[in-house]
Amino acid sequence: MIISSPQEAQIQVRFFEDIYKSKIEKLPFLRDVDIDHGRKVLNTEAECDKYIALYGGHHFHKLYAAFPSTNFLYTEGKSIEIIDWGCGQALATCVLIDYLIEKCISPKIQSITLIEPSSIALERGDSFVCQMLQSAFSNNSLIKRVNKCIDNLNSSDFVSSPSNIKIHLFSNILDVEAFDLNKLYQLIINCFEGFNRIICTSPYSNTKNYRIDTFYNLFNEYPIVKRSFYSGEAIYKEVFYNKTRRFEISKIQRYERQFTIKI
């Protein structure tokens, strides 16, 4: 799908107000919807709504805390590709676009690849990304949906230009023990020639964060890895609490690694 998104003087769509908060309003009607604490593959609109309402704020704040460690000013006016791995409803891509809007940074987003096994989450993610793009960017952006599990991906699923900057988003996915990190590493090495920035964020977990470290170490054996950043520091931000039915300052545990590699 190609989206032509006109530049507008008034920004109309922002993630926190227009996507996250709009789903919170639906929570009273979603009490009986089970999403297994955010761990299951989402299969219905109601499950998708409840996931954003309960966890969208956490995604937003973790990513906003992570993005300053990447020099996105460097992308001003440059052609970029965004690859959102295990994207769910493309929340990471939406928050990145929101961050670029907030910081008045305008790269040329040539393509956005959304990878997700849930077809309904993928369709909704595509719609959310289109809304975000239409409010802020003037270039044509190719949005490609890949309805697959990560282990089932192959090189034919990707089209990339060596001259474009690649931004890889791994938000709440590398800690999932359902796919092979070595296979994922080989896929990136083989498909994305050129400049790659890899951003990995997850909730803090003593038992699962080793997968982010393992993934990073695979690339660390490559000759040129630079601008590496690590953080396990919690942040304190406002999110909606379903039990109290109000926004409260919450401690958000996070684990993060970022690095740049030229392939």
# chains A, B, ... in the order shown; residues from 1 in each chain; ligands from 1
$ residues_around --residues "Ser228 in chain A" --least-positions-apart "6" --cutoff "8 Å" --atoms "only C-alpha atoms" --output "PyMOL selection string"
chain A and resi 257-260
$ residues_around --residues "Ile83 in chain A" --least-positions-apart "3" --cutoff "10 Å" --atoms "only C-alpha atoms" --output "MDAnalysis selection string"
chainID A and resid 80 86:87 92:93 111:115 144 158 166:170 198
$ select_by_dssp --residues "range 6-239 of chain A" --states "strand (DSSP E or B)" --output "PDB file with N, CA and C atoms, in the first residue's frame"
ATOM      1  N   SER A  79      16.566   9.499   3.362  1.00  0.00           N
ATOM      2  CA  SER A  79      15.633   8.405   3.101  1.00  0.00           C
ATOM      3  C   SER A  79      15.826   7.297   4.126  1.00  0.00           C
ATOM      4  N   ILE A  80      14.719   6.893   4.763  1.00  0.00           N
ATOM      5  CA  ILE A  80      14.807   5.837   5.760  1.00  0.00           C
ATOM      6  C   ILE A  80      13.789   4.739   5.471  1.00  0.00           C
ATOM      7  N   GLU A  81      14.080   3.559   5.985  1.00  0.00           N
ATOM      8  CA  GLU A  81      13.143   2.444   6.000  1.00  0.00           C
ATOM      9  C   GLU A  81      12.909   2.065   7.468  1.00  0.00           C
ATOM     10  N   ILE A  82      11.676   1.782   7.829  1.00  0.00           N
ATOM     11  CA  ILE A  82      11.346   1.316   9.172  1.00  0.00           C
ATOM     12  C   ILE A  82      10.911  -0.144   9.077  1.00  0.00           C
ATOM     13  N   ILE A  83      11.520  -1.000   9.873  1.00  0.00           N
ATOM     14  CA  ILE A  83      11.134  -2.405   9.919  1.00  0.00           C
ATOM     15  C   ILE A  83      10.700  -2.715  11.337  1.00  0.00           C
ATOM     16  N   ASP A  84       9.437  -3.054  11.508  1.00  0.00           N
ATOM     17  CA  ASP A  84       8.843  -3.274  12.835  1.00  0.00           C
ATOM     18  C   ASP A  84       8.587  -4.776  12.998  1.00  0.00           C
ATOM     19  N   LYS A 108      12.667  11.289   5.088  1.00  0.00           N
ATOM     20  CA  LYS A 108      11.830  10.780   3.993  1.00  0.00           C
ATOM     21  C   LYS A 108      11.585   9.293   4.262  1.00  0.00           C
ATOM     22  N   ILE A 109      10.400   8.981   4.754  1.00  0.00           N
ATOM     23  CA  ILE A 109      10.092   7.585   5.085  1.00  0.00           C
ATOM     24  C   ILE A 109       9.712   6.871   3.792  1.00  0.00           C
ATOM     25  N   GLN A 110      10.671   6.162   3.240  1.00  0.00           N
ATOM     26  CA  GLN A 110      10.452   5.483   1.965  1.00  0.00           C
ATOM     27  C   GLN A 110       9.562   4.253   2.124  1.00  0.00           C
ATOM     28  N   SER A 111       9.774   3.504   3.209  1.00  0.00           N
ATOM     29  CA  SER A 111       8.977   2.291   3.391  1.00  0.00           C
ATOM     30  C   SER A 111       8.861   1.946   4.868  1.00  0.00           C
ATOM     31  N   ILE A 112       7.767   1.277   5.202  1.00  0.00           N
ATOM     32  CA  ILE A 112       7.539   0.741   6.538  1.00  0.00           C
ATOM     33  C   ILE A 112       7.113  -0.706   6.367  1.00  0.00           C
ATOM     34  N   THR A 113       7.867  -1.629   6.951  1.00  0.00           N
ATOM     35  CA  THR A 113       7.535  -3.048   6.879  1.00  0.00           C
ATOM     36  C   THR A 113       7.023  -3.493   8.243  1.00  0.00           C
ATOM     37  N   LEU A 114       5.788  -3.983   8.267  1.00  0.00           N
ATOM     38  CA  LEU A 114       5.138  -4.437   9.492  1.00  0.00           C
ATOM     39  C   LEU A 114       5.066  -5.959   9.475  1.00  0.00           C
ATOM     40  N   ILE A 115       5.672  -6.599  10.467  1.00  0.00           N
ATOM     41  CA  ILE A 115       5.751  -8.059  10.518  1.00  0.00           C
ATOM     42  C   ILE A 115       4.974  -8.550  11.726  1.00  0.00           C
ATOM     43  N   ASN A 140       5.634  10.104  -0.148  1.00  0.00           N
ATOM     44  CA  ASN A 140       4.920   8.852  -0.335  1.00  0.00           C
ATOM     45  C   ASN A 140       5.652   7.757   0.413  1.00  0.00           C
ATOM     46  N   SER A 141       4.925   6.994   1.234  1.00  0.00           N
ATOM     47  CA  SER A 141       5.537   5.930   2.020  1.00  0.00           C
ATOM     48  C   SER A 141       4.895   4.604   1.647  1.00  0.00           C
ATOM     49  N   LEU A 142       5.718   3.627   1.319  1.00  0.00           N
ATOM     50  CA  LEU A 142       5.240   2.286   1.027  1.00  0.00           C
ATOM     51  C   LEU A 142       5.089   1.526   2.339  1.00  0.00           C
ATOM     52  N   ILE A 143       3.886   1.053   2.621  1.00  0.00           N
ATOM     53  CA  ILE A 143       3.643   0.238   3.808  1.00  0.00           C
ATOM     54  C   ILE A 143       3.446  -1.202   3.359  1.00  0.00           C
ATOM     55  N   LYS A 144       4.323  -2.078   3.843  1.00  0.00           N
ATOM     56  CA  LYS A 144       4.239  -3.487   3.476  1.00  0.00           C
ATOM     57  C   LYS A 144       3.868  -4.309   4.702  1.00  0.00           C
ATOM     58  N   ARG A 145       2.806  -5.097   4.561  1.00  0.00           N
ATOM     59  CA  ARG A 145       2.375  -5.982   5.639  1.00  0.00           C
ATOM     60  C   ARG A 145       2.903  -7.399   5.365  1.00  0.00           C
ATOM     61  N   VAL A 146       3.553  -7.971   6.353  1.00  0.00           N
ATOM     62  CA  VAL A 146       4.049  -9.345   6.247  1.00  0.00           C
ATOM     63  C   VAL A 146       3.376 -10.149   7.357  1.00  0.00           C
ATOM     64  N   ILE A 165      18.722   4.562   5.133  1.00  0.00           N
ATOM     65  CA  ILE A 165      18.977   4.239   6.544  1.00  0.00           C
ATOM     66  C   ILE A 165      17.862   3.303   7.011  1.00  0.00           C
ATOM     67  N   LYS A 166      18.250   2.171   7.603  1.00  0.00           N
ATOM     68  CA  LYS A 166      17.267   1.214   8.103  1.00  0.00           C
ATOM     69  C   LYS A 166      17.103   1.372   9.617  1.00  0.00           C
ATOM     70  N   ILE A 167      15.869   1.537  10.081  1.00  0.00           N
ATOM     71  CA  ILE A 167      15.553   1.609  11.510  1.00  0.00           C
ATOM     72  C   ILE A 167      14.775   0.337  11.866  1.00  0.00           C
ATOM     73  N   HIS A 168      15.405  -0.539  12.642  1.00  0.00           N
ATOM     74  CA  HIS A 168      14.764  -1.792  13.051  1.00  0.00           C
ATOM     75  C   HIS A 168      14.192  -1.621  14.456  1.00  0.00           C
ATOM     76  N   LEU A 169      12.904  -1.893  14.614  1.00  0.00           N
ATOM     77  CA  LEU A 169      12.232  -1.767  15.903  1.00  0.00           C
ATOM     78  C   LEU A 169      11.885  -3.153  16.444  1.00  0.00           C
ATOM     79  N   PHE A 170      12.406  -3.460  17.621  1.00  0.00           N
ATOM     80  CA  PHE A 170      12.082  -4.702  18.321  1.00  0.00           C
ATOM     81  C   PHE A 170      11.490  -4.299  19.678  1.00  0.00           C
ATOM     82  N   SER A 171      10.178  -4.121  19.718  1.00  0.00           N
ATOM     83  CA  SER A 171       9.515  -3.662  20.935  1.00  0.00           C
ATOM     84  C   SER A 171       8.716  -4.809  21.551  1.00  0.00           C
ATOM     85  N   PHE A 195      23.418   1.013   6.131  1.00  0.00           N
ATOM     86  CA  PHE A 195      23.421   1.559   7.490  1.00  0.00           C
ATOM     87  C   PHE A 195      22.166   1.095   8.226  1.00  0.00           C
ATOM     88  N   ASN A 196      22.333   0.387   9.348  1.00  0.00           N
ATOM     89  CA  ASN A 196      21.220  -0.146  10.126  1.00  0.00           C
ATOM     90  C   ASN A 196      21.304   0.314  11.573  1.00  0.00           C
ATOM     91  N   ARG A 197      20.214   0.886  12.083  1.00  0.00           N
ATOM     92  CA  ARG A 197      20.093   1.189  13.505  1.00  0.00           C
ATOM     93  C   ARG A 197      19.090   0.208  14.108  1.00  0.00           C
ATOM     94  N   ILE A 198      19.500  -0.514  15.137  1.00  0.00           N
ATOM     95  CA  ILE A 198      18.677  -1.557  15.727  1.00  0.00           C
ATOM     96  C   ILE A 198      18.308  -1.140  17.151  1.00  0.00           C
ATOM     97  N   ILE A 199      17.008  -1.018  17.421  1.00  0.00           N
ATOM     98  CA  ILE A 199      16.490  -0.542  18.699  1.00  0.00           C
ATOM     99  C   ILE A 199      15.665  -1.657  19.330  1.00  0.00           C
ATOM    100  N   CYS A 200      16.103  -2.134  20.494  1.00  0.00           N
ATOM    101  CA  CYS A 200      15.455  -3.252  21.173  1.00  0.00           C
ATOM    102  C   CYS A 200      14.979  -2.808  22.551  1.00  0.00           C
ATOM    103  N   THR A 201      13.684  -2.924  22.824  1.00  0.00           N
ATOM    104  CA  THR A 201      13.153  -2.588  24.140  1.00  0.00           C
ATOM    105  C   THR A 201      12.216  -3.704  24.598  1.00  0.00           C
ATOM    106  N   SER A 202      12.211  -3.945  25.898  1.00  0.00           N
ATOM    107  CA  SER A 202      11.338  -4.955  26.498  1.00  0.00           C
ATOM    108  C   SER A 202      11.088  -4.589  27.952  1.00  0.00           C
ATOM    109  N   VAL A 225      30.446  -2.483  14.642  1.00  0.00           N
ATOM    110  CA  VAL A 225      29.282  -2.181  15.472  1.00  0.00           C
ATOM    111  C   VAL A 225      29.605  -0.921  16.263  1.00  0.00           C
ATOM    112  N   LYS A 226      28.757   0.089  16.198  1.00  0.00           N
ATOM    113  CA  LYS A 226      29.067   1.345  16.877  1.00  0.00           C
ATOM    114  C   LYS A 226      27.805   1.958  17.468  1.00  0.00           C
ATOM    115  N   ARG A 227      28.021   3.042  18.213  1.00  0.00           N
ATOM    116  CA  ARG A 227      26.930   3.761  18.874  1.00  0.00           C
ATOM    117  C   ARG A 227      26.041   2.802  19.659  1.00  0.00           C
ATOM    118  N   SER A 228      26.693   1.932  20.417  1.00  0.00           N
ATOM    119  CA  SER A 228      25.961   0.973  21.235  1.00  0.00           C
ATOM    120  C   SER A 228      25.496   1.638  22.528  1.00  0.00           C
ATOM    121  N   PHE A 229      24.260   1.310  22.929  1.00  0.00           N
ATOM    122  CA  PHE A 229      23.704   1.885  24.151  1.00  0.00           C
ATOM    123  C   PHE A 229      22.909   0.825  24.882  1.00  0.00           C
ATOM    124  N   TYR A 230      23.026   0.820  26.214  1.00  0.00           N
ATOM    125  CA  TYR A 230      22.317  -0.154  27.049  1.00  0.00           C
ATOM    126  C   TYR A 230      21.690   0.562  28.238  1.00  0.00           C
ATOM    127  N   SER A 231      20.497   0.119  28.633  1.00  0.00           N
ATOM    128  CA  SER A 231      19.880   0.644  29.854  1.00  0.00           C
ATOM    129  C   SER A 231      18.927  -0.390  30.442  1.00  0.00           C
ATOM    130  N   ILE A 235      11.708   3.801  34.567  1.00  0.00           N
ATOM    131  CA  ILE A 235      11.238   5.172  34.399  1.00  0.00           C
ATOM    132  C   ILE A 235       9.899   5.312  35.133  1.00  0.00           C
ATOM    133  N   TYR A 236       9.551   6.529  35.484  1.00  0.00           N
ATOM    134  CA  TYR A 236       8.309   6.806  36.211  1.00  0.00           C
ATOM    135  C   TYR A 236       7.452   7.734  35.349  1.00  0.00           C
ATOM    136  N   LYS A 237       6.348   7.181  34.841  1.00  0.00           N
ATOM    137  CA  LYS A 237       5.511   7.934  33.919  1.00  0.00           C
ATOM    138  C   LYS A 237       4.032   7.660  34.190  1.00  0.00           C
ATOM    139  N   GLU A 238       3.197   8.504  33.609  1.00  0.00           N
ATOM    140  CA  GLU A 238       1.760   8.408  33.835  1.00  0.00           C
ATOM    141  C   GLU A 238       1.117   7.425  32.866  1.00  0.00           C
ATOM    142  N   VAL A 239       0.441   6.416  33.407  1.00  0.00           N
ATOM    143  CA  VAL A 239      -0.327   5.462  32.606  1.00  0.00           C
ATOM    144  C   VAL A 239      -1.671   5.233  33.276  1.00  0.00           C
TER     145      VAL A 239
END
$ closest_residue --among "A:Leu100, A:Ser156, A:Asn242, A:Asp34" --to "Asn71 in chain A" --atoms "only C-alpha atoms"
A:Leu100
$ atom_distance --atom1 "CA of Asn220 in chain A" --atom2 "CA of Tyr185 in chain A"
11.2 Å
$ residues_around --residues "Asn190 in chain A" --least-positions-apart "5" --cutoff "10 Å" --atoms "only C-alpha atoms" --output "PyMOL selection string"
chain A and resi 154-155+184-185+263
